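J.: Before I ask anything, here is the structure I am working with.
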Amino acid sequence: QVQLVESGGGLVQAGGSLKLSCAASGHTFSAYTMGWFRQAPGKEREYVAQTRWIAVNTYEADYAPSVKGRFAISRKDADTVSLQMNSLESEDTAVYYCAASRAPGIVTRIVEVDYWGQGTLVTVSS
């Protein structure tokens with residue numbers, strides 16, 4: 001059974017930092033793109049960042065414009081991805097979902113995701 005388990009969400013003040021982690025199991029994820037989406041209250045789920053598989057043990061990072069320069073994604077190994085979030089803003093408040101996809105290229109659409117985590121809440125207070 002495939003599982004993506006997120007951790008690290010919580011409450012932080014604006015300007016602060018949080019680190020999210022995601023551990024995948026039940027499948028071989030070495031050739032998968034793994035990354036993060038988020039869903040704010042009353043809004044649609046949106047793309048945040050990803051590590052795209054391009055070669056053995058080689059991943060390329062990509063970011064949504066709204067988080068580029070503030071967030072940093074890393075792939076510890078084939079099954080673990082983290083998201084360091086700095087300079088957090090109230091607009092970053094959302095449930096953050098770990099995602100895994102076998103789709104080629106940059107994955108930004110929900111329909112391209114094969115597996116989802118259960119989500120972890122990040123609340124940024126202003």
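By order in the structure tokens, chains are A, B, ...; within a chain, residues start at 1; ligands start at 1, following the order shown.
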According to DSSP computed on the backbone, where in chain A is there strand (DSSP E or B)? Give the residues as a PyMOL selection string.

T.: chain A and resi 3-7+10-13+18-25+33-39+46-55+58-63+68+71-77+80-85+94-101+115-116+120-125

J.: Leaving out segment 47-61 of chain A and any residue of its chain fewer than 4 positions from it, which residues lie within 12 Å of it when counting only C-alpha atoms, given as an NGL selection string?

T.: :A and (29-40 or 65-85 or 92 or 94-113)

J.: Could you check the closest approach to Gly16 of chain A for each of A:Thr93, A:Ser87, A:Thr123, A:Gln118 and tell me which residue wins, using only C-alpha atoms?

T.: A:Ser87

J.: Pick out the residues sitting within 10 Å of Gly15 of chain A, and hand them over as a list in words; count only C-alpha atoms, and ignore anything fewer than 4 positions along from it in its own chain.

T.: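 These residues fall inside the cut-off: Met85, Asn86, Ser87, Leu88, Glu89, Ser90, Val124, Ser125 and Ser126 of chain A.
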
J.: Store the residues of this selection in a file with C-alpha atoms, as a PDB file, in the first residue's frame.

T.:
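To be explicit, this is the file written out as result_38.pdb:
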ATOM      1  CA  MET A  85       9.786  27.564   4.007  1.00  0.00           C
ATOM      2  CA  ASN A  86      11.307  30.924   4.933  1.00  0.00           C
ATOM      3  CA  SER A  87       9.931  34.457   5.098  1.00  0.00           C
ATOM      4  CA  LEU A  88       6.454  33.057   5.526  1.00  0.00           C
ATOM      5  CA  GLU A  89       3.493  35.297   4.757  1.00  0.00           C
ATOM      6  CA  SER A  90      -0.142  35.086   5.804  1.00  0.00           C
ATOM      7  CA  VAL A 124       0.966  31.909   9.366  1.00  0.00           C
ATOM      8  CA  SER A 125      -0.219  34.603  11.750  1.00  0.00           C
ATOM      9  CA  SER A 126       0.211  38.241  10.839  1.00  0.00           C
TER      10      SER A 126
END
